[in-house]
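Student: One structure, as structure tokens, below. Some questions next.
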Amino acid sequence: MIKKFAACIYLYEGKAVKGFSDHSILSMDPVSLAMSYGDAETDAVIVFDLSYNDATHEESILLIKQIAESVAVPVYGSGNIKRMEDVKKLLYAGCKKAILNLGKDASYEILEEVSKKFGRDKIGASFKEAQRMMINPDALEKYASELICLDEHEIKYAMPLCPLPMIVTLPEISLDKMLSMLENSKISGVTGPLVNDNLKELGSLKEIAADRGIDIHIFKPQMPFSELKLGPDGLVPVVVQDYRSGQVLMVAYMNEEAYNKTCRTGKMTYYSRSRKELWVKGLTSGHFQYVKSLSIDCDNDTLLAKVKQIGAACHTGNYSCFYRDLIPMEEEDTPENPLTVFENVTNIIKDRKLHPKEGSYTNYLFDKGIDKILKKLGEEATEIVIAAKNPNPEEIKYEISDFLYHMMVLMVEKGVTWEEITSDLAKR
């Protein structure tokens with residue numbers, strides 16, 4: 001079991017506060033706070049929603065969505081979960097897990113339902129009193145995947161009862177005590193002040209834990225730098241690619257120190273040939289690149305890094321450094337990658353909205369407004385149903401294409417992107 005160091009954020013009225021009962025403001029910008037936690041070698045961010053009504057709960061969901069989009073580590077969402085719809089909102093906001101509160105009977109009532117709907121691995125549970133696990137331990141073990149102990153004083157009581165891996169909330173404690181805790185087979189990680197207040201030391205803490213034989217999340221390359229074939233300057237080129245779209249973002253160089261630091265921290269680090277110094281991508285701009293994979297070519301002389309890019313990769317503000325075509329691709333040679341096709345058609349629809357063209361059906365729909373767009377979308381959906389009864393598959397292909405076009409008009413009208421749609425689909 002890989003042990004986690006999880007930071008935690010408490011949301012109250014749109015701000016990050018110090019704790020469940022202490023609503024003193026820690027940060028007016030919870031998203032930036034979460035990004036600082038994600039940049040500090042944490043393995044997860046647990047967000048507790050302390051909202052007190054449906055309106056503030058919805059505001060917290062939006063903040064959690066922004067947090068999940070802005071950090072590279074998994075986000076766990078917890079708080080104010082009363083029904084399956086609340087779990088759905090957290091997971092669709094980008095949370096890796098929704099954490100039910102065992103202090104509320106409603107959590108046990110929906111546990112089986114949400115687990116079967118979204119998958120056991122998406123469901124966790126938290127408790128302040130260890131005895132709350134004993135209400136239905138069999139259901140917990142069957143329908144949840146991880147527990148969070150919120151009170152350090154309950155850990156010793158929870159240990160013999162715990163049916164699942166458990167993240168424990170810890171105050172500032174000695175290094176030996178923390179390592180002993182992580183060595184326990186029932187402990188899956190630590191959170192609380194121990195993590196939040198020691199962000200700068202997390203890298204060192206992980207290395208110490210790894211040296212002690214504890215399984216910690218640290219990138220371990222299959223090949224040492226000494227086995228790479230370097231250029232005359234002692235560097236190896238790195239081609240950097242967006243892990244989702246495959247778009248090439250930039251090319252940079254690494255020396256041994258940059259290579260080892262990239263592997264240790266999970267953030268792309270290069271050697272600047274002009275400045276002759278180490279360079280952590282995003283350290284000044286905030287546009288970090290988080291490693292998803294690192295590959296080597298057949299000659300051992302070029303690296304391929306697939307990354308999660310925050311913001312723009314290029315110093316010009318363009319997403320990729322390769323934004324200028326010297327030999328533009330012919331229209332008929334455009335690859336029929338489904339996502340590329342969807343993006344291209346959507347971009348044409350966007351352009352029609354910004355630059356209306358006389359006689360354009362797309363502009364006709366925009367001029368008539370949302371009701372007309374929805375009416376056409378409904379009609380096309382009905383056409384799909386009718387076509388599905390026809391044994392000729394060509395008809396349903398045409399009707400689905402028609403429906404997708406009108407759906408893309410609706411997406412542009414409502415400001416929804418394909419990246420948001422595919423991101424949501426990937427989480428289901």
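All residue names refer to the structure tokens as shown: chains lettered A, B, ... in order, residues numbered from 1 in each chain, ligands numbered from 1 in order.
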Quick one: DSSP strand (DSSP E or B) residues in segment 101-345 of chain A, as a count of residues only?
Tutor: 58
Student: Residues at most 9 Å from segment 78-82 of chain A, counting only C-alpha atoms, excluding those fewer than 3 positions away in the same chain, as a PyMOL selection string?
Tutor: chain A and resi 46-54+57+85-87+90+97-101+104+106-107+110+125-126
Student: Got a sec: who's within 6 Å of Gly189 of chain A, counting only C-alpha atoms, leaving out chain neighbours fewer than 3 positions off, as JSON, numbers by chain?
Tutor: {"A": [3, 4, 5, 167]}
Student: Neighbouring residues of Arg132 of chain A were defined as those with any atom within 7 Å, considering only C-alpha atoms; residues of the same chain fewer than 4 positions away were excluded. Please report them as a ChimeraX atom specification.
Tutor: /A:102-103,127
Student: Could you write out the selected residues, including N, CA, C and O atoms, as an mmCIF file, in the first residue's frame?
Tutor:
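Listing of result-v2.cif after writing:
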data_model
loop_
_atom_site.group_PDB
_atom_site.id
_atom_site.type_symbol
_atom_site.label_atom_id
_atom_site.label_comp_id
_atom_site.auth_asym_id
_atom_site.auth_seq_id
_atom_site.Cartn_x
_atom_site.Cartn_y
_atom_site.Cartn_z
ATOM 1 N N LEU A 102 -19.509 9.576 8.686
ATOM 2 C CA LEU A 102 -20.148 8.516 9.466
ATOM 3 C C LEU A 102 -20.828 9.047 10.711
ATOM 4 O O LEU A 102 -21.588 8.321 11.365
ATOM 5 N N GLY A 103 -20.582 10.332 11.028
ATOM 6 C CA GLY A 103 -21.274 10.931 12.155
ATOM 7 C C GLY A 103 -22.746 11.176 11.866
ATOM 8 O O GLY A 103 -23.531 11.466 12.776
ATOM 9 N N PHE A 127 -14.737 9.832 10.165
ATOM 10 C CA PHE A 127 -15.360 9.725 11.488
ATOM 11 C C PHE A 127 -14.536 10.484 12.511
ATOM 12 O O PHE A 127 -13.311 10.612 12.378
#
Student: Tell me which protein, DNA and RNA residues are within 10 Å of His315 of chain A, counting only C-alpha atoms, leaving out same-chain ones fewer than 6 positions away, and put them as number ranges by chain.
Tutor: A: 285, 287, 321
Student: Which residues of segment 294-371 of chain A have any atom within 8 Å of an atom in segment 213-233 of chain A when counting only C-alpha atoms, and what is the closest pair of atoms for each, with the distance in Å to one decimal? Order the rows by chain and rising number and write it as a Markdown table.
Tutor:
| residue | atom | partner | partner_atom | distance |
| --- | --- | --- | --- | --- |
| A:Asp299 | CA | A:Lys229 | CA | 7.6 |
| A:Asn300 | CA | A:Leu228 | CA | 5.2 |
| A:Asp301 | CA | A:Lys229 | CA | 4.7 |
Student: May I have the residues from that selection written out with N, CA and C atoms, as a short mmCIF file (atom, residue, chain, number, x, y, z; two decimals), in the first residue's frame?
Tutor:
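Output file selection.cif is given in full below:
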data_model
loop_
_atom_site.label_atom_id
_atom_site.label_comp_id
_atom_site.auth_asym_id
_atom_site.auth_seq_id
_atom_site.Cartn_x
_atom_site.Cartn_y
_atom_site.Cartn_z
N ASP A 299 17.38 5.07 -29.02
CA ASP A 299 18.82 5.33 -28.94
C ASP A 299 19.27 5.85 -27.58
N ASN A 300 18.34 5.93 -26.65
CA ASN A 300 18.64 6.42 -25.29
C ASN A 300 19.16 7.86 -25.27
N ASP A 301 18.79 8.65 -26.30
CA ASP A 301 19.33 10.01 -26.33
C ASP A 301 18.27 11.10 -26.34
#
Student: What's the separation between atom CA of Tyr157 of chain A and atom CA of Ala130 of chain A, in Å to one decimal place?
Tutor: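 These two atoms are separated by 6.1 Å.
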Student: Neighbouring residues of Thr42 of chain A were defined as those with any atom within 10 Å, considering only C-alpha atoms; residues of the same chain fewer than 5 positions away were excluded. Please report them as an NGL selection string.
Tutor: :A and (4-7 or 36-37 or 72-74 or 191 or 195-196 or 199 or 202-203 or 206 or 217 or 265)
Student: Go ahead and dump the residues you just picked, N, CA, C and O atoms, as a short mmCIF file (atom, residue, chain, number, x, y, z; two decimals), in the first residue's frame.
Tutor:
data_model
loop_
_atom_site.label_atom_id
_atom_site.label_comp_id
_atom_site.auth_asym_id
_atom_site.auth_seq_id
_atom_site.Cartn_x
_atom_site.Cartn_y
_atom_site.Cartn_z
N LYS A 4 0.14 7.91 1.82
CA LYS A 4 -0.10 9.27 1.32
C LYS A 4 0.20 10.34 2.37
O LYS A 4 -0.05 10.13 3.56
N PHE A 5 0.66 11.48 1.88
CA PHE A 5 0.72 12.70 2.67
C PHE A 5 -0.33 13.63 2.07
O PHE A 5 -0.14 14.18 0.99
N ALA A 6 -1.46 13.78 2.77
CA ALA A 6 -2.60 14.54 2.23
C ALA A 6 -2.78 15.86 2.97
O ALA A 6 -2.90 15.89 4.19
N ALA A 7 -2.77 16.96 2.20
CA ALA A 7 -3.10 18.27 2.78
C ALA A 7 -4.62 18.36 2.94
O ALA A 7 -5.37 17.60 2.31
N SER A 36 -0.91 25.65 -3.92
CA SER A 36 0.35 25.66 -3.16
C SER A 36 0.56 24.31 -2.47
O SER A 36 1.69 23.83 -2.36
N TYR A 37 -0.53 23.69 -2.02
CA TYR A 37 -0.43 22.35 -1.42
C TYR A 37 -0.02 21.33 -2.49
O TYR A 37 0.83 20.47 -2.25
N ALA A 72 -2.62 18.97 -9.53
CA ALA A 72 -2.30 17.74 -10.25
C ALA A 72 -2.52 16.50 -9.39
O ALA A 72 -2.49 15.39 -9.91
N VAL A 73 -2.71 16.68 -8.09
CA VAL A 73 -2.90 15.52 -7.21
C VAL A 73 -4.39 15.25 -7.04
O VAL A 73 -5.23 16.13 -7.27
N PRO A 74 -4.77 14.04 -6.63
CA PRO A 74 -6.18 13.73 -6.42
C PRO A 74 -6.80 14.61 -5.35
O PRO A 74 -6.15 14.99 -4.37
N THR A 191 -2.70 13.13 7.42
CA THR A 191 -3.20 14.44 7.02
C THR A 191 -3.25 15.33 8.26
O THR A 191 -2.83 14.94 9.33
N VAL A 195 0.88 17.68 7.97
CA VAL A 195 1.16 17.90 6.55
C VAL A 195 1.08 19.38 6.21
O VAL A 195 2.01 19.96 5.62
N ASN A 196 -0.04 20.03 6.59
CA ASN A 196 -0.24 21.44 6.21
C ASN A 196 0.86 22.35 6.70
O ASN A 196 1.22 23.31 6.02
N LEU A 199 4.95 21.76 4.72
CA LEU A 199 4.99 21.59 3.27
C LEU A 199 6.41 21.61 2.72
O LEU A 199 6.75 20.85 1.82
N LEU A 202 8.21 18.22 3.14
CA LEU A 202 7.58 16.97 2.68
C LEU A 202 8.51 16.12 1.85
O LEU A 202 8.54 14.89 1.97
N GLY A 203 9.26 16.76 0.95
CA GLY A 203 10.19 16.00 0.12
C GLY A 203 11.18 15.22 0.95
O GLY A 203 11.43 14.03 0.71
N LYS A 206 9.47 12.35 2.83
CA LYS A 206 9.21 11.21 1.94
C LYS A 206 10.47 10.38 1.73
O LYS A 206 10.43 9.15 1.73
N HIS A 217 4.87 7.46 -2.39
CA HIS A 217 4.72 7.85 -3.79
C HIS A 217 5.87 8.75 -4.21
O HIS A 217 5.86 9.95 -3.99
N THR A 265 10.36 14.90 -7.59
CA THR A 265 9.26 15.81 -7.22
C THR A 265 8.01 15.62 -8.07
O THR A 265 6.93 16.02 -7.66
#
Student: I need the residue nearest Lys156 of chain A from this list: A:Gln131, A:Ser272, A:Asn255, A:Gln66. Use only C-alpha atoms for the distance.
Tutor: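 When distances to Lys156 of chain A are compared using only C-alpha atoms, the smallest one comes from A:Gln131.
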Student: Expressed in Å to a single decimal, how great is the separation between atom CA of Leu303 of chain A and atom CA of Met254 of chain A?
Tutor: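 Those two atoms sit 9.3 Å apart.
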Student: For Val409 of chain A, which of A:Thr316, A:Asn184, A:Thr362, A:Ser274 is the closest residue, counting only C-alpha atoms?
Tutor: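 Looking only at the distances to Val409 of chain A, the closest residue turns out to be A:Thr362.
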Student: Please identify which residues in segment 105-189 of chain A DSSP calls alpha helix (DSSP H) from the backbone, and express them as a PyMOL selection string.
Tutor: chain A and resi 105-118+137-143+155-158+175-183
Student: Quick one: of A:Lys281, A:Leu33, A:Met159, A:Leu175, who's nearest to Ser204 of chain A, counting only C-alpha atoms?
Tutor: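 Going through A:Lys281, A:Leu33, A:Met159, A:Leu175 one by one, the smallest distance to Ser204 of chain A is for A:Leu175.
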